[in-house]
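Trainee: Here it is, the structure, as structure tokens.
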Amino acid sequence: MKILLAACNAKYIHSNLAVYDLKAYSSDYDKEVLLREYTINQPKDEILKDIYGSGADVVCFSCYIWNISFVRELIRDLAKILPETAFWAGGPEVSYDAENFLTEMPEVTGVLVGEGEKTFHDLLEYYIDGKGSLGEIRGIAYRDGEEIRHNGWRELMNLSEIPFVYQHLEEFENRIIYYESSRGCPFSCSYCLSSIDKKLRFRDLELVKKELQFFLDHKVPQVKFVDRTFNCKHEHAMAIWKYILEHDNGVTNFHFEVSADLLRDEEMDLMAKMRPGLIQLEIGVQSTNQETICAIHRHMDLDKLERCVDRVHSFRNIHQHLDLIAGLPYEDYDTFHRSFNDVYQMKPDQLQLGFLKVLKGSLMKEEAEKYGIVHKEKEPYEVLSTKWLPYGDVLKLKAVESMV
């Protein structure tokens, strides 16, 4: 029995931490579990050939907004050439409407909903050891004859139980290394799926330090933390920043997504001592219009954010990447103009202008009609117009996006 974990990344330089976590957590089935990473730019025939040649009895796809149409097409074709193979899907693009996905995709046996490590292990026990039944596995929706059943979401796990996935760094040569020291987010931003997971969990700091040292010893060019708000717990952030400062190898860069208005003097004093390029910060401002900030349930002290960004800028050693989102409630062309100018005058090293994506499972999806938000039917479900922003103004902002 062979089970294949398949990832379809946006680009070759990307890696899929999720499938590596699943495989590492189920290391007791290491011989039976295969892992393949593809890209959505590859010819589908190449991928079909590779999956067919793998001899897998079960194929599990990791699904996101950048690959879901690609994965759907692959599964439909694979089911024709592998009629006896069971196909499963997981990830944010299928977790929040699993029953609907299964209705639309009769080729798929089931969906892993939400956090998948323990659920995937239970699936392996079912398929490989013949243990129990699908009805007993928490965290899945599955096809039972003509019926579709949902077993409910599994309890969230201890993040420290997941093994380190980068022991064989040669597999990640010339690719981005993603690292997770926490899961969940304390905030409730209505456009973001991270706001759904309110149970913040942190990986044990001694484990984190050991793993960071592995990256430092191997002079990895860049490590991108995928923590949604890295500095939401001061002690956790300080311990990691202090460690990488004290053990700096002169090469490795660490990327963090932070809330600038949560930065404390102690953290910024530490940053001032770092060599240029040791860390870089991504800061989601999204809007400076107070009515918009309130509507999207975002908690942000804009004055403090600006002061912190300015102070970090004064160190001349840390790249700051600031984000804005066009198409949010109560944001028209003129108020967005002001938001843009507010952020531009903060002099970020990079200003990224993105457009609202109305994601399945998000509060924004539920409130889209309330705000007159019209979005594309197909992923990435990007805004076309709102009560305040007609499509013509969206087109003007698209030109600004290209410019910046």
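Note on naming: chains are A, B, ... as they come in the structure tokens, residues start from 1 per chain, ligands start from 1 in the order shown.
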Write out as a PyMOL selection string all residues of region 188-370 of chain A that backbone DSSP assigns to alpha helix (DSSP H).
Mentor: chain A and resi 205-217+234-246+265-271+290-295+302-315+333-344+363-367
Trainee: Hey, what's within 7 Å of region 69-82 of chain A if we count only C-alpha atoms and toss same-chain stuff fewer than 4 positions away? As a compact mmCIF listing (two decimals) with N, CA, C and O atoms, in the first residue's frame, please?
Mentor:
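That gives us around_25.txt:
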# COMPACT_ATOMS: atom_id res chain seq x y z
N ILE A 40 2.18 24.65 -10.56
CA ILE A 40 1.02 24.84 -11.44
C ILE A 40 1.46 25.28 -12.83
O ILE A 40 0.62 25.40 -13.73
N LEU A 48 0.56 13.91 -14.37
CA LEU A 48 -0.22 12.67 -14.51
C LEU A 48 0.69 11.47 -14.65
O LEU A 48 0.49 10.43 -14.00
N GLU A 107 -15.19 12.31 -7.94
CA GLU A 107 -13.98 11.48 -8.01
C GLU A 107 -13.25 11.42 -6.67
O GLU A 107 -12.38 10.57 -6.47
Trainee: Which residues, written as JSON, numbers by chain, have at least one atom at most 12 Å from Asp301 (chain A), with only C-alpha atoms counted and residues fewer than 4 positions away on the same chain left out?
Mentor: {"A": [259, 260, 261, 262, 263, 285, 287, 288, 289, 290, 293, 294, 305, 306, 307, 308]}
Trainee: Neighbours of Ile318 (chain A) within 8 Å (only C-alpha atoms; same-chain residues fewer than 6 positions away dropped), as an MDAnalysis selection string?
Mentor: chainID A and resid 276:281 312
Trainee: Would you please extract all strand (DSSP E or B) residues from region 178-342 of chain A, as assigned by DSSP on the backbone, and give them as JSON, numbers by chain?
Mentor: {"A": [178, 179, 182, 183, 201, 202, 222, 223, 224, 225, 253, 254, 255, 256, 257, 258, 279, 280, 281, 282, 283, 284, 285, 286, 319, 320, 321, 322, 323, 324, 325, 326]}
Trainee: Which polymer residues have any atom within 6 Å of an atom of Ile140 (chain A), counting only C-alpha atoms, with same-chain residues fewer than 5 positions away left out, as a list of chain:residue names?
Mentor: A:Val111, A:Leu112, A:Val113, A:Asn151
Trainee: Could you dump the residues just selected with all heavy atoms as a CSV table (one decimal), in the first residue's frame?
Mentor:
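To be explicit, this is the file written out as part.csv:
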chain,number,residue,atom,x,y,z
A,111,VAL,N,-12.3,14.6,2.4
A,111,VAL,CA,-11.5,15.8,2.6
A,111,VAL,C,-11.1,15.8,4.1
A,111,VAL,O,-11.8,15.5,5.0
A,111,VAL,CB,-12.5,17.1,2.4
A,111,VAL,CG1,-11.8,18.3,2.9
A,111,VAL,CG2,-12.8,17.2,0.9
A,112,LEU,N,-9.8,16.2,4.3
A,112,LEU,CA,-9.3,16.4,5.6
A,112,LEU,C,-9.6,17.9,5.9
A,112,LEU,O,-9.1,18.8,5.2
A,112,LEU,CB,-7.8,16.2,5.7
A,112,LEU,CG,-7.2,14.7,5.7
A,112,LEU,CD1,-7.4,14.1,4.3
A,112,LEU,CD2,-5.8,14.7,6.1
A,113,VAL,N,-10.4,18.1,7.0
A,113,VAL,CA,-10.8,19.5,7.3
A,113,VAL,C,-9.9,20.0,8.4
A,113,VAL,O,-9.7,19.4,9.4
A,113,VAL,CB,-12.3,19.6,7.7
A,113,VAL,CG1,-13.1,19.2,6.5
A,113,VAL,CG2,-12.6,18.7,8.9
A,151,ASN,N,-17.5,14.3,9.9
A,151,ASN,CA,-17.2,13.8,11.3
A,151,ASN,C,-16.9,15.0,12.3
A,151,ASN,O,-16.5,14.7,13.4
A,151,ASN,CB,-16.1,12.8,11.3
A,151,ASN,CG,-16.5,11.5,10.6
A,151,ASN,OD1,-17.7,11.3,10.2
A,151,ASN,ND2,-15.6,10.7,10.3
Trainee: Just the residues within 7 Å of Leu356 (chain A), please, counting only C-alpha atoms, with nothing from its chain fewer than 4 positions along; format it as a list in words.
Mentor: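 The neighbour list is Ile325, Ala326, Gly327, Leu328, Glu382 and Val383 of chain A.
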Trainee: I need the chosen residues saved as a PDB file, in the first residue's frame, with N, CA and C atoms.
Mentor:
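Resulting contents of out_2.pdb:
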ATOM      1  N   ILE A 325      -4.651  46.793   1.440  1.00  0.00           N
ATOM      2  CA  ILE A 325      -5.661  46.009   0.733  1.00  0.00           C
ATOM      3  C   ILE A 325      -6.720  46.960   0.184  1.00  0.00           C
ATOM      4  N   ALA A 326      -6.919  46.937  -1.125  1.00  0.00           N
ATOM      5  CA  ALA A 326      -7.973  47.724  -1.766  1.00  0.00           C
ATOM      6  C   ALA A 326      -9.253  46.900  -1.836  1.00  0.00           C
ATOM      7  N   GLY A 327     -10.405  47.588  -1.703  1.00  0.00           N
ATOM      8  CA  GLY A 327     -11.689  46.907  -1.823  1.00  0.00           C
ATOM      9  C   GLY A 327     -12.337  46.554  -0.497  1.00  0.00           C
ATOM     10  N   LEU A 328     -11.804  47.069   0.595  1.00  0.00           N
ATOM     11  CA  LEU A 328     -12.394  46.805   1.913  1.00  0.00           C
ATOM     12  C   LEU A 328     -13.632  47.681   2.127  1.00  0.00           C
ATOM     13  N   GLU A 382     -11.152  37.475  -6.066  1.00  0.00           N
ATOM     14  CA  GLU A 382     -10.741  38.867  -5.874  1.00  0.00           C
ATOM     15  C   GLU A 382     -11.889  39.838  -6.132  1.00  0.00           C
ATOM     16  N   VAL A 383     -11.903  40.917  -5.352  1.00  0.00           N
ATOM     17  CA  VAL A 383     -12.961  41.919  -5.436  1.00  0.00           C
ATOM     18  C   VAL A 383     -13.030  42.532  -6.836  1.00  0.00           C
TER      19      VAL A 383
END
Trainee: Can you work out which one of A:Leu395, A:Ile196, A:Ile65, A:Ile176 has the shortest atom-to-atom distance to Leu359 (chain A), counting only C-alpha atoms?
Mentor: A:Ile65
Trainee: Would you mind reading off the distance between CA of Glu291 (chain A) and CA of Ile373 (chain A), one decimal, in Å?
Mentor: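 A separation of 16.3 Å between them.
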Trainee: Closest to Pro186 (chain A) among A:Thr85, A:Glu161, A:Val108, A:Asp227, using only C-alpha atoms?
Mentor: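 Ranking A:Thr85, A:Glu161, A:Val108, A:Asp227 by distance to Pro186 (chain A), first place goes to A:Asp227.
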